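File shown: my_file-v2.tsv (TSV, N, CA and C atoms).
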chain	number	residue	atom	x	y	z
T	30	MET	N	0.82	-1.20	0.00
T	30	MET	CA	0.00	0.00	0.00
T	30	MET	C	0.86	1.26	0.00
T	31	ARG	N	1.97	1.23	0.79
T	31	ARG	CA	2.85	2.40	0.81
T	31	ARG	C	3.50	2.64	-0.55
T	32	ASN	N	3.81	1.55	-1.24
T	32	ASN	CA	4.43	1.70	-2.56
T	32	ASN	C	3.47	2.31	-3.55
T	33	VAL	N	2.20	1.98	-3.46
T	33	VAL	CA	1.20	2.55	-4.35
T	33	VAL	C	1.09	4.06	-4.11
T	34	LYS	N	1.09	4.46	-2.84
T	34	LYS	CA	1.03	5.88	-2.51
T	34	LYS	C	2.26	6.61	-3.03
T	35	ARG	N	3.42	6.00	-2.90
T	35	ARG	CA	4.65	6.62	-3.40
T	35	ARG	C	4.62	6.78	-4.92
T	36	VAL	N	4.14	5.76	-5.59
T	36	VAL	CA	4.07	5.83	-7.06
T	36	VAL	C	3.08	6.90	-7.48
T	37	LEU	N	1.93	6.97	-6.82
T	37	LEU	CA	0.94	7.99	-7.17
T	37	LEU	C	1.48	9.40	-6.88
T	38	LEU	N	2.17	9.56	-5.77
T	38	LEU	CA	2.76	10.86	-5.44
T	38	LEU	C	3.82	11.24	-6.48
T	39	ALA	N	4.67	10.30	-6.85
T	39	ALA	CA	5.69	10.57	-7.86
T	39	ALA	C	5.06	10.92	-9.20
T	40	LEU	N	4.00	10.23	-9.56
T	40	LEU	CA	3.30	10.51	-10.81
T	40	LEU	C	2.67	11.91	-10.77
T	41	PHE	N	2.06	12.26	-9.64
T	41	PHE	CA	1.47	13.59	-9.49
T	41	PHE	C	2.53	14.68	-9.60
T	42	VAL	N	3.67	14.49	-8.93
T	42	VAL	CA	4.75	15.48	-8.98
T	42	VAL	C	5.29	15.60	-10.41
T	43	LEU	N	5.46	14.48	-11.08
T	43	LEU	CA	5.94	14.51	-12.46
T	43	LEU	C	4.97	15.25	-13.37
T	44	LEU	N	3.67	15.01	-13.23
T	44	LEU	CA	2.68	15.72	-14.04
T	44	LEU	C	2.66	17.21	-13.72
T	45	LEU	N	2.82	17.56	-12.46
T	45	LEU	CA	2.88	18.97	-12.07
T	45	LEU	C	4.10	19.66	-12.68
T	46	VAL	N	5.24	19.01	-12.63
T	46	VAL	CA	6.46	19.57	-13.23
T	46	VAL	C	6.30	19.73	-14.73
T	47	LEU	N	5.71	18.76	-15.38
T	47	LEU	CA	5.48	18.85	-16.83
T	47	LEU	C	4.52	19.98	-17.18
T	48	ALA	N	3.48	20.17	-16.37
T	48	ALA	CA	2.53	21.26	-16.61
T	48	ALA	C	3.21	22.61	-16.44
T	49	ILE	N	4.04	22.74	-15.40
T	49	ILE	CA	4.77	24.00	-15.18
T	49	ILE	C	5.74	24.25	-16.32
T	50	LEU	N	6.46	23.22	-16.75
T	50	LEU	CA	7.39	23.37	-17.86
T	50	LEU	C	6.67	23.78	-19.14
T	51	ALA	N	5.52	23.18	-19.42
T	51	ALA	CA	4.75	23.56	-20.60
T	51	ALA	C	4.28	25.00	-20.51
T	52	PHE	N	3.84	25.43	-19.32
T	52	PHE	CA	3.41	26.81	-19.12
T	52	PHE	C	4.55	27.78	-19.38
T	53	VAL	N	5.71	27.49	-18.84
T	53	VAL	CA	6.87	28.38	-19.02
T	53	VAL	C	7.30	28.44	-20.48
T	54	LEU	N	7.33	27.29	-21.14
T	54	LEU	CA	7.77	27.27	-22.54
T	54	LEU	C	6.76	27.93	-23.48
T	55	GLU	N	5.49	27.90	-23.15
T	55	GLU	CA	4.47	28.49	-24.01
T	55	GLU	C	4.27	29.99	-23.77
T	56	ASN	N	4.83	30.54	-22.71
T	56	ASN	CA	4.62	31.94	-22.38
T	56	ASN	C	5.94	32.69	-22.31
T	57	GLN	N	6.66	32.71	-23.39
T	57	GLN	CA	7.97	33.35	-23.43
T	57	GLN	C	7.93	34.79	-23.93
T	58	GLN	N	6.79	35.28	-24.42
T	58	GLN	CA	6.72	36.64	-24.93
T	58	GLN	C	6.95	37.63	-23.78
T	59	SER	N	7.67	38.69	-24.07
T	59	SER	CA	8.01	39.67	-23.04
T	59	SER	C	6.90	40.69	-22.85
T	60	VAL	N	6.71	41.10	-21.61
T	60	VAL	CA	5.74	42.14	-21.28
T	60	VAL	C	6.40	43.10	-20.30
T	61	SER	N	5.90	44.31	-20.29
T	61	SER	CA	6.35	45.30	-19.32
T	61	SER	C	5.11	45.79	-18.59
T	62	LEU	N	5.11	45.65	-17.27
T	62	LEU	CA	3.95	46.06	-16.48
T	62	LEU	C	4.07	47.54	-16.12
T	63	LEU	N	2.94	48.22	-16.14
T	63	LEU	CA	2.88	49.64	-15.77
T	63	LEU	C	1.94	49.75	-14.59
T	64	PHE	N	2.45	50.28	-13.46
T	64	PHE	CA	1.65	50.39	-12.24
T	64	PHE	C	1.96	51.72	-11.57
T	65	LEU	N	0.95	52.57	-11.46
T	65	LEU	CA	1.08	53.89	-10.83
T	65	LEU	C	2.24	54.71	-11.41
T	66	GLY	N	2.38	54.64	-12.70
T	66	GLY	CA	3.42	55.42	-13.37
T	66	GLY	C	4.78	54.74	-13.39
T	67	TRP	N	4.93	53.63	-12.68
T	67	TRP	CA	6.20	52.91	-12.67
T	67	TRP	C	6.15	51.80	-13.70
T	68	ALA	N	7.11	51.81	-14.62
T	68	ALA	CA	7.16	50.78	-15.65
T	68	ALA	C	8.23	49.76	-15.26
T	69	GLY	N	7.83	48.52	-15.22
T	69	GLY	CA	8.75	47.45	-14.87
T	69	GLY	C	9.59	47.04	-16.08
T	70	PRO	N	10.61	46.24	-15.85
T	70	PRO	CA	11.45	45.77	-16.95
T	70	PRO	C	10.71	44.76	-17.83
T	71	GLN	N	11.22	44.54	-19.01
T	71	GLN	CA	10.65	43.55	-19.91
T	71	GLN	C	10.96	42.15	-19.36
T	72	LEU	N	9.93	41.41	-19.02
T	72	LEU	CA	10.08	40.05	-18.49
T	72	LEU	C	9.12	39.12	-19.20
T	73	PRO	N	9.46	37.83	-19.30
T	73	PRO	CA	8.51	36.88	-19.89
T	73	PRO	C	7.23	36.78	-19.05
T	74	VAL	N	6.13	36.52	-19.71
T	74	VAL	CA	4.83	36.42	-19.03
T	74	VAL	C	4.89	35.34	-17.95
T	75	SER	N	5.52	34.22	-18.24
T	75	SER	CA	5.58	33.13	-17.25
T	75	SER	C	6.29	33.58	-15.99
T	76	LEU	N	7.34	34.37	-16.10
T	76	LEU	CA	8.06	34.84	-14.92
T	76	LEU	C	7.21	35.81	-14.11
T	77	VAL	N	6.47	36.66	-14.78
T	77	VAL	CA	5.58	37.61	-14.09
T	77	VAL	C	4.51	36.84	-13.31
T	78	VAL	N	3.92	35.83	-13.92
T	78	VAL	CA	2.87	35.05	-13.26
T	78	VAL	C	3.44	34.28	-12.07
T	79	VAL	N	4.60	33.66	-12.25
T	79	VAL	CA	5.21	32.90	-11.15
T	79	VAL	C	5.59	33.83	-10.00
T	80	LEU	N	6.14	35.00	-10.30
T	80	LEU	CA	6.48	35.96	-9.25
T	80	LEU	C	5.23	36.43	-8.50
T	81	ALA	N	4.15	36.69	-9.24
T	81	ALA	CA	2.90	37.09	-8.59
T	81	ALA	C	2.38	35.97	-7.69
T	82	LEU	N	2.49	34.73	-8.12
T	82	LEU	CA	2.07	33.59	-7.32
T	82	LEU	C	2.89	33.50	-6.03
T	83	LEU	N	4.20	33.63	-6.15
T	83	LEU	CA	5.07	33.54	-4.97
T	83	LEU	C	4.81	34.68	-3.99
T	84	VAL	N	4.62	35.89	-4.51
T	84	VAL	CA	4.32	37.03	-3.63
T	84	VAL	C	2.99	36.79	-2.91
T	85	GLY	N	2.00	36.28	-3.62
T	85	GLY	CA	0.72	35.97	-3.00
T	85	GLY	C	0.82	34.87	-1.95
T	86	MET	N	1.69	33.89	-2.20
T	86	MET	CA	1.88	32.81	-1.23
T	86	MET	C	2.57	33.30	0.04
T	87	VAL	N	3.32	34.39	-0.05
T	87	VAL	CA	3.97	34.96	1.13
T	87	VAL	C	3.03	35.93	1.84
T	88	ILE	N	2.38	36.80	1.09
T	88	ILE	CA	1.53	37.83	1.69
T	88	ILE	C	0.25	37.25	2.27
T	89	GLY	N	-0.35	36.26	1.62
T	89	GLY	CA	-1.61	35.68	2.08
T	89	GLY	C	-1.56	35.16	3.51
T	90	PRO	N	-0.64	34.24	3.82
T	90	PRO	CA	-0.56	33.74	5.19
T	90	PRO	C	-0.19	34.82	6.20
T	91	MET	N	0.67	35.75	5.81
T	91	MET	CA	1.03	36.84	6.72
T	91	MET	C	-0.19	37.69	7.05
T	92	LEU	N	-0.99	38.00	6.05
T	92	LEU	CA	-2.20	38.78	6.25
T	92	LEU	C	-3.20	38.02	7.12
T	93	GLY	N	-3.36	36.72	6.86
T	93	GLY	CA	-4.25	35.91	7.68
T	93	GLY	C	-3.80	35.86	9.13
T	94	TRP	N	-2.50	35.72	9.35
T	94	TRP	CA	-1.97	35.71	10.71
T	94	TRP	C	-2.22	37.04	11.40
T	95	PHE	N	-1.98	38.13	10.69
T	95	PHE	CA	-2.15	39.46	11.27
T	95	PHE	C	-3.61	39.73	11.61
T	96	LEU	N	-4.52	39.41	10.69
T	96	LEU	CA	-5.94	39.63	10.94
T	96	LEU	C	-6.46	38.72	12.05
T	97	GLY	N	-5.99	37.49	12.10
T	97	GLY	CA	-6.39	36.59	13.17
T	97	GLY	C	-5.92	37.08	14.53
T	98	ARG	N	-4.72	37.61	14.55
T	98	ARG	CA	-4.17	38.15	15.80
T	98	ARG	C	-4.97	39.36	16.26
T	99	ALA	N	-5.34	40.23	15.31
T	99	ALA	CA	-6.13	41.41	15.65
T	99	ALA	C	-7.52	40.99	16.16
T	100	ALA	N	-8.11	39.97	15.57
T	100	ALA	CA	-9.43	39.50	16.01
T	100	ALA	C	-9.35	38.90	17.41
T	101	ARG	N	-8.29	38.14	17.69
T	101	ARG	CA	-8.12	37.57	19.03
T	101	ARG	C	-7.95	38.68	20.07
T	102	ALA	N	-7.20	39.73	19.72
T	102	ALA	CA	-6.99	40.85	20.65
T	102	ALA	C	-8.32	41.56	20.92
T	103	THR	N	-9.15	41.70	19.90
T	103	THR	CA	-10.46	42.35	20.07
T	103	THR	C	-11.36	41.50	20.96
T	104	ARG	N	-11.37	40.19	20.75
T	104	ARG	CA	-12.18	39.30	21.60
T	104	ARG	C	-11.70	39.33	23.04
T	105	LYS	N	-10.41	39.42	23.24
T	105	LYS	CA	-9.86	39.47	24.59
T	105	LYS	C	-10.31	40.71	25.32
T	106	ARG	N	-10.35	41.84	24.62
T	106	ARG	CA	-10.77	43.09	25.23
T	106	ARG	C	-12.26	43.07	25.57
T	107	LEU	N	-13.05	42.35	24.81
T	107	LEU	CA	-14.50	42.29	25.05
T	107	LEU	C	-14.83	41.41	26.24
T	108	VAL	N	-13.98	40.50	26.57
T	108	VAL	CA	-14.26	39.56	27.67
T	108	VAL	C	-13.84	40.12	28.99
Could you rewrite the structure in this file as structure tokens?
Amino acid sequence: MRNVKRVLLALFVLLLVLAILAFVLENQQSVSLLFLGWAGPQLPVSLVVVLALLVGMVIGPMLGWFLGRAARATRKRLV
């Protein structure tokens, strides 16, 4: 049973890597983002999307932790 789980996990990881590789190879055209008058450098679309994903993966949990902490502090004051 453990071997079946390992094989399925390896297959899932391999498919995920192949999907990411296909995404990167298919999105090589360069774009320049413009935000509040600031123009970013020319970067491939795939790099922009991956960077946005990574920034969201860092900011999301931090924001959840901060808001949860503020809510706990508010509940503490009410009690």
DSSP on the backbone: which residues in chain T end up as strand (DSSP E or B)? Give the answer as a ChimeraX atom specification.
/T:59-60,63-64,67-68,72-73
Would you save the residues of that selection, restricted to N, CA and C atoms, as an mmCIF file, in the coordinates of the input?
data_model
loop_
_atom_site.group_PDB
_atom_site.id
_atom_site.type_symbol
_atom_site.label_atom_id
_atom_site.label_comp_id
_atom_site.auth_asym_id
_atom_site.auth_seq_id
_atom_site.Cartn_x
_atom_site.Cartn_y
_atom_site.Cartn_z
ATOM 1 N N SER T 59 7.670 38.690 -24.070
ATOM 2 C CA SER T 59 8.010 39.670 -23.040
ATOM 3 C C SER T 59 6.900 40.690 -22.850
ATOM 4 N N VAL T 60 6.710 41.100 -21.610
ATOM 5 C CA VAL T 60 5.740 42.140 -21.280
ATOM 6 C C VAL T 60 6.400 43.100 -20.300
ATOM 7 N N LEU T 63 2.940 48.220 -16.140
ATOM 8 C CA LEU T 63 2.880 49.640 -15.770
ATOM 9 C C LEU T 63 1.940 49.750 -14.590
ATOM 10 N N PHE T 64 2.450 50.280 -13.460
ATOM 11 C CA PHE T 64 1.650 50.390 -12.240
ATOM 12 C C PHE T 64 1.960 51.720 -11.570
ATOM 13 N N TRP T 67 4.930 53.630 -12.680
ATOM 14 C CA TRP T 67 6.200 52.910 -12.670
ATOM 15 C C TRP T 67 6.150 51.800 -13.700
ATOM 16 N N ALA T 68 7.110 51.810 -14.620
ATOM 17 C CA ALA T 68 7.160 50.780 -15.650
ATOM 18 C C ALA T 68 8.230 49.760 -15.260
ATOM 19 N N LEU T 72 9.930 41.410 -19.020
ATOM 20 C CA LEU T 72 10.080 40.050 -18.490
ATOM 21 C C LEU T 72 9.120 39.120 -19.200
ATOM 22 N N PRO T 73 9.460 37.830 -19.300
ATOM 23 C CA PRO T 73 8.510 36.880 -19.890
ATOM 24 C C PRO T 73 7.230 36.780 -19.050
#
Report, in Å with one decimal, the straight-line distance from atom C of T:Ala51 to atom N of T:Pro90.
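Between atom C of T:Ala51 and atom N of T:Pro90 the gap works out to 26.5 Å.
Interatomic distance, atom CA of T:Ser61 against atom CA of T:Leu76: 11.5 Å.
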Tell me which of T:Arg31, T:Leu107, T:Gly93, T:Leu72 sits closest to T:Gln57, counting only C-alpha atoms.
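Closest candidate: T:Leu72.
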Distance atom N of T:Ala81-atom C of T:Gly69, one decimal place?
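Answer for the atom N of T:Ala81 to atom C of T:Gly69 separation: 13.5 Å.
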Using 5 Å of padding on each side, determine the axis-aligned box around all atoms of stretch 91-105 of chain T present in the file and give its centre and edge lengths in Å to one decimal, as JSON.
{"center_x": -5.6, "center_y": 39.0, "center_z": 15.6, "size_x": 23.2, "size_y": 16.6, "size_z": 29.5}
Which of chain T end up as helix (DSSP H, G or I) when DSSP is run on this backbone - answer as an NGL selection string?
:T and (31-55 or 74-107)
Non-local contacts of T:Leu50 (12 Å; only C-alpha atoms; under 6 positions in same chain excluded) as a list in words:
Leu43, Leu44, Asn56, Gln57, Ser75, Leu76 and Val79 of chain T
